[in-house]
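J.: Right, I'll just put the structure down here and ask away after.
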Amino acid sequence: MILHTVYTDYLDALRRGDRRRALNTARTALNNGVDIRDLYLEVFQPAMHEIGLMWERNQITVAQEHLATAITQSVMAHLYGHVFQHTPVGRTLIATCIGGELHELGIRMVADFFEMEGWDVYYLGANMPAEDVVRMAQERQADLLAISVTLNSYVPHARRMIQVVRASSIGDRIKIMVGGQPINRAPDLYKKLGADFTARDAREAVQLVMEVMA
Amino acid sequence: MDQHSTMTLNHNLYELLSELVLCCDETGRIIYANPAAQHWSATPLVHQPFHALLTPDTEHKGDLFLAAARNASFQHPTPPWELALGTVTEYTIGHFRGYREADHLVIIGQVEPADLSAMQRELMLLTSDLTETQRELHRQNRALQQALNEQRRLVETIQALTAPAAPIWKGVLLLPIVGHLDSSRTAKIARKLLEQVSQQHTRYTILDVSGIALIDTGVAKHLLDTIQALRLLGAQAILVGIRPEIAQTMVQLGLHLQEFVIIQSNLQHAVAYVLRHMQKEVLR
């Protein structure tokens with residue numbers, strides 16, 4: 001119930017472009033005992049989804065949508081201190097996103113969820129060339145590569161990235177996880193792309209990896 | 001003028017406009033696009049669905065816009081809709097209005113100056129970069145904190161491993177000091193040593209400082225204070241293995257060592273000195 005109130009307040013702050021209120025809402029919720037994971041999945045994620053729908057319905061402008069994205073990114077950065085609760089577990093995740101910068105939020109949440117479990121996480125940003133991803137994964141001796149695919153038209157890019165990673169020296173060792181709307185819509189797509197698994201959201205991703213890679 | 005010639009005349013006018021003009025059939029398939037509209041697509045737009053003009057992430061919004069246009073008329077067109085043209089990473093925003101005319105949809109768009117879209121995009125990237133930098137800083141802080149904790153544990157281990165003093169003979173203590181000396185470590189060593197000396201009625205304490213790399217004036221002062229305290233407890237201090245740098249530091253302090261401390265060049269000489277003096281005392 002409290003989460004829904006937080007959600008309503010947060011969304012309202014985003015609609016008004018009120019960065020301070022958005023941050024206060026999130027901070028107050030944390031102080032009242034709301035788990036940061038719930039804040040991510042029950043407040044930030046649905047609020048940004050709603051902003052996206054409002055933009056699609058021509059109810060807000062591109063500038064307002066950008067502002068809402070920037071506010072949420074900044075709120076997440078402010079709360080980043082809360083992400084580290086766990087002692088390091090000696091596992092490494094490389095996370096990257098294929099698509100525009102407006103769609104990075106999901107993979108950033110995945111990155112944070114793994115950090116909350118004590119993983120070392122390297123977020124490579126949007127549209128990093130496959131070769132650079134491989135180099136980074138080699139340097140950091142990554143256990144897991146998470147690729148977020150934001151749009152249907154980027155599925156071939158993801159396929160190519162996975163091919164390059166599989167053909168590299170770490171190809172046999174590293175696990176690959178893909179996620180994003182086009183992957184969610186087609187249940188077996190992740191297998192066809194050559195990934196090891198997929199997850200609908202950050203929480204499911206962490207749970208799955210804990211089971212498979214325990 | 002019949003309808004066909006009206007269309008032709010209009011089309012001729014449309015060719016000259018800087019606004020984007022498109023005609024679609026009921027299903028949203030493009031039947032006409034003026035050059036200003038065609039400019040935004042590498043492939044011919046005619047026969048393509050309307051959203052071929054748009055970026056992939058605007059497709060659905062394009063469909064919603066067409067639905068609104070179907071219910072609008074020339075007198076009451078749709079309000080302007082923002083739709084993105086180009087690619088997801090290099091888009092430009094267009095403001096589109098639409099309305100139904102007989103069995104087709106008329107769409108008129110105005111593209112905002114390219115630099116305005118680019119500026120918005122750059123701003124977005126900037127905040128994205130900034131928040132990521134902030135996170136990276138947090139991450140580095142955590143790594144630093146971990147390294148510091150690790151170092152603290154190491155120092156504690158080393159300090160614990162350094163036994164303060166070992167009795168090598170009745171009434172004789174040997175204290176080898178190894179590694180880095182700071183004020184807090186020197187103070188700890190001194191406290192423990194003085195405890196041992198008073199408990200064990202020590203007469204001679206050999207301080208081996210040859211394993212100390214560096215000594216500052218604060219530490220040297222501490223060491224000399226300890227030696228003075230030893231004398232008060234009735235123990236003679238013998239310093240061994242003073243390196244030239246340390247000797248210099250001690251001289252800079254202006255302390256006359258010889259008055260209360262015996263200095264030997266190595267441990268063997270120190271032990272021999274102690275044994276000789278103990279023998280003398282027995283003989284006396």
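Residues are named by chain letter and number: chains run A, B, ... in the order of the structure tokens, numbers start at 1 in each chain, and ligands are numbered from 1 in the order shown.
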Please identify every residue of chain A that has at least one atom no more than 8 Å from any atom of chain B, counting only C-alpha atoms, and report them as a list in words.
T.: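 Filtering chain A at 8 Å from chain B with only C-alpha atoms gives Glu56, Arg57, Asn58, Thr61, Val62, Ala63, His66, Ala70, Gln73, Ser74, Ala77, Tyr80, Gly81, Gly99, Gly100, Glu101, Leu102, Leu151 and Ser153 of chain A.
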J.: Using DSSP assignments from the backbone, pull out every residue in stretch 66-160 of chain A that falls under alpha helix (DSSP H) and give it to me as a PyMOL selection string.
T.: chain A and resi 66-78+105-116+130-139+155-160
J.: Can you tell me how far atom CA of B:Ala33 sits from atom CA of A:Leu53, in Å to one decimal?
T.: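 Answer for the atom CA of B:Ala33 to atom CA of A:Leu53 separation: 28.3 Å.
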J.: Would you pick out the contacts of A:Met136 at 9 Å or less, using only C-alpha atoms, so that residues sharing its chain but fewer than 4 positions from it are not included, and give the list as a VMD selection string?
T.: chain A and resid 94 122 124 131 to 132 140 to 142
J.: Rounded to one decimal, what separation in Å do you get between atom CA of B:Ala235 and atom CA of B:Tyr204?
T.: 5.2 Å
J.: Which residue is closest to A:Arg185? Choose from A:Ala26, A:Asp143, A:Asp172, A:Arg200 and count only C-alpha atoms.
T.: A:Arg200
J.: Just list the residues in stretch 19-160 of chain B DSSP gives strand (DSSP E) on the backbone, as an MDAnalysis selection string.
T.: chainID B and resid 20:25 30:33 81:86 91:101 104:111
J.: Would you mind exporting C-alpha atoms of the selected residues as an mmCIF file, in the first residue's frame?
T.:
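Written file, part_37.cif:
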```cif
data_model
loop_
_atom_site.group_PDB
_atom_site.id
_atom_site.type_symbol
_atom_site.label_atom_id
_atom_site.label_comp_id
_atom_site.auth_asym_id
_atom_site.auth_seq_id
_atom_site.Cartn_x
_atom_site.Cartn_y
_atom_site.Cartn_z
ATOM 1 C CA LEU B 20 6.388 17.403 -44.797
ATOM 2 C CA VAL B 21 3.176 16.430 -46.602
ATOM 3 C CA LEU B 22 1.972 12.837 -46.801
ATOM 4 C CA CYS B 23 -1.210 11.127 -47.897
ATOM 5 C CA CYS B 24 -2.074 7.697 -46.548
ATOM 6 C CA ASP B 25 -4.884 5.290 -47.277
ATOM 7 C CA ILE B 30 1.616 6.018 -47.839
ATOM 8 C CA ILE B 31 0.192 6.948 -51.271
ATOM 9 C CA TYR B 32 1.970 10.251 -51.600
ATOM 10 C CA ALA B 33 4.990 11.853 -49.944
ATOM 11 C CA TRP B 81 2.107 15.147 -32.275
ATOM 12 C CA GLU B 82 5.830 14.830 -31.728
ATOM 13 C CA LEU B 83 7.242 11.977 -33.778
ATOM 14 C CA ALA B 84 10.911 11.113 -34.194
ATOM 15 C CA LEU B 85 12.458 10.798 -37.659
ATOM 16 C CA GLY B 86 15.802 9.233 -38.517
ATOM 17 C CA TYR B 91 16.732 11.318 -34.456
ATOM 18 C CA THR B 92 15.059 14.628 -35.229
ATOM 19 C CA ILE B 93 11.690 15.578 -33.804
ATOM 20 C CA GLY B 94 8.844 16.466 -36.147
ATOM 21 C CA HIS B 95 5.512 18.011 -35.142
ATOM 22 C CA PHE B 96 2.688 16.365 -37.092
ATOM 23 C CA ARG B 97 -0.982 17.157 -37.577
ATOM 24 C CA GLY B 98 -3.381 14.935 -39.434
ATOM 25 C CA TYR B 99 -6.969 14.713 -40.582
ATOM 26 C CA ARG B 100 -9.224 12.592 -42.730
ATOM 27 C CA GLU B 101 -10.216 13.778 -46.212
ATOM 28 C CA HIS B 104 -7.521 9.088 -47.190
ATOM 29 C CA LEU B 105 -5.520 10.680 -44.389
ATOM 30 C CA VAL B 106 -3.595 13.914 -44.860
ATOM 31 C CA ILE B 107 -0.519 14.385 -42.676
ATOM 32 C CA ILE B 108 1.445 17.601 -42.442
ATOM 33 C CA GLY B 109 4.619 17.827 -40.425
ATOM 34 C CA GLN B 110 7.147 20.434 -39.448
ATOM 35 C CA VAL B 111 10.600 19.315 -38.451
#
```
